[in-house]
Amino acid sequence: MNLEILTPEKKLYSGDVYGVQMPGISGSFEVLEKHAPIVAALKAGRLKVLKDTQNHIASFDIQGGFVEVINNKVIVLVEAAVAVE
């Protein structure tokens, strides 16, 4: 599935991924391929990008925002985010 992480200033991430773990306002959740369409609010916390099934991960500390999942495309819109090494 395709993932884009966007802030008002720039695009932080764009590419194909295995899954995404996000800090939802009601608790953390994960989106994998062929997930049902959803729009959800995100709170400040750590977003983890699962690049493949071999546990290759990219992490971002995000401020609040929203995520939309539709047709194997995940768009994360956040106020601010910082890549974590």
# chains A, B, ... in the order shown; residues from 1 in each chain; ligands from 1
call {"tool": "residues_around", "arguments": {"residues": "range 55-61 of chain A", "least_positions_apart": "2", "cutoff": "8 Å", "atoms": "only C-alpha atoms", "output": "list in words"}}
result
Ala44, Gly45, Arg46, Leu47, Lys48, Val49, Leu50, Lys51, Asp52, Thr53, Gln63, Ala81, Val82, Ala83, Val84 and Glu85 of chain A
call {"tool": "residues_around", "arguments": {"residues": "Ala40 in chain A", "least_positions_apart": "5", "cutoff": "8 Å", "atoms": "only C-alpha atoms", "output": "list in words"}}
result
Gly24, Phe66, Val67 and Glu68 of chain A
call {"tool": "atom_distance", "arguments": {"atom1": "CA of Leu42 in chain A", "atom2": "CA of Glu30 in chain A"}}
result
12.1 Å
call {"tool": "select_by_dssp", "arguments": {"residues": "chain A", "states": "strand (DSSP E)", "output": "VMD selection string"}}
result
chain A and resid 2 to 6 11 to 16 19 to 24 27 to 32 38 to 42 45 to 50 57 to 62 65 to 70 73 to 78 81 to 84
call {"tool": "closest_residue", "arguments": {"among": "A:Ile5, A:Ile75, A:Val69, A:Ala80", "to": "Leu32 in chain A", "atoms": "only C-alpha atoms"}}
result
A:Val69
call {"tool": "closest_residue", "arguments": {"among": "A:Ile38, A:Ile62, A:Val74, A:Leu6", "to": "Tyr18 in chain A", "atoms": "only C-alpha atoms"}}
result
A:Val74
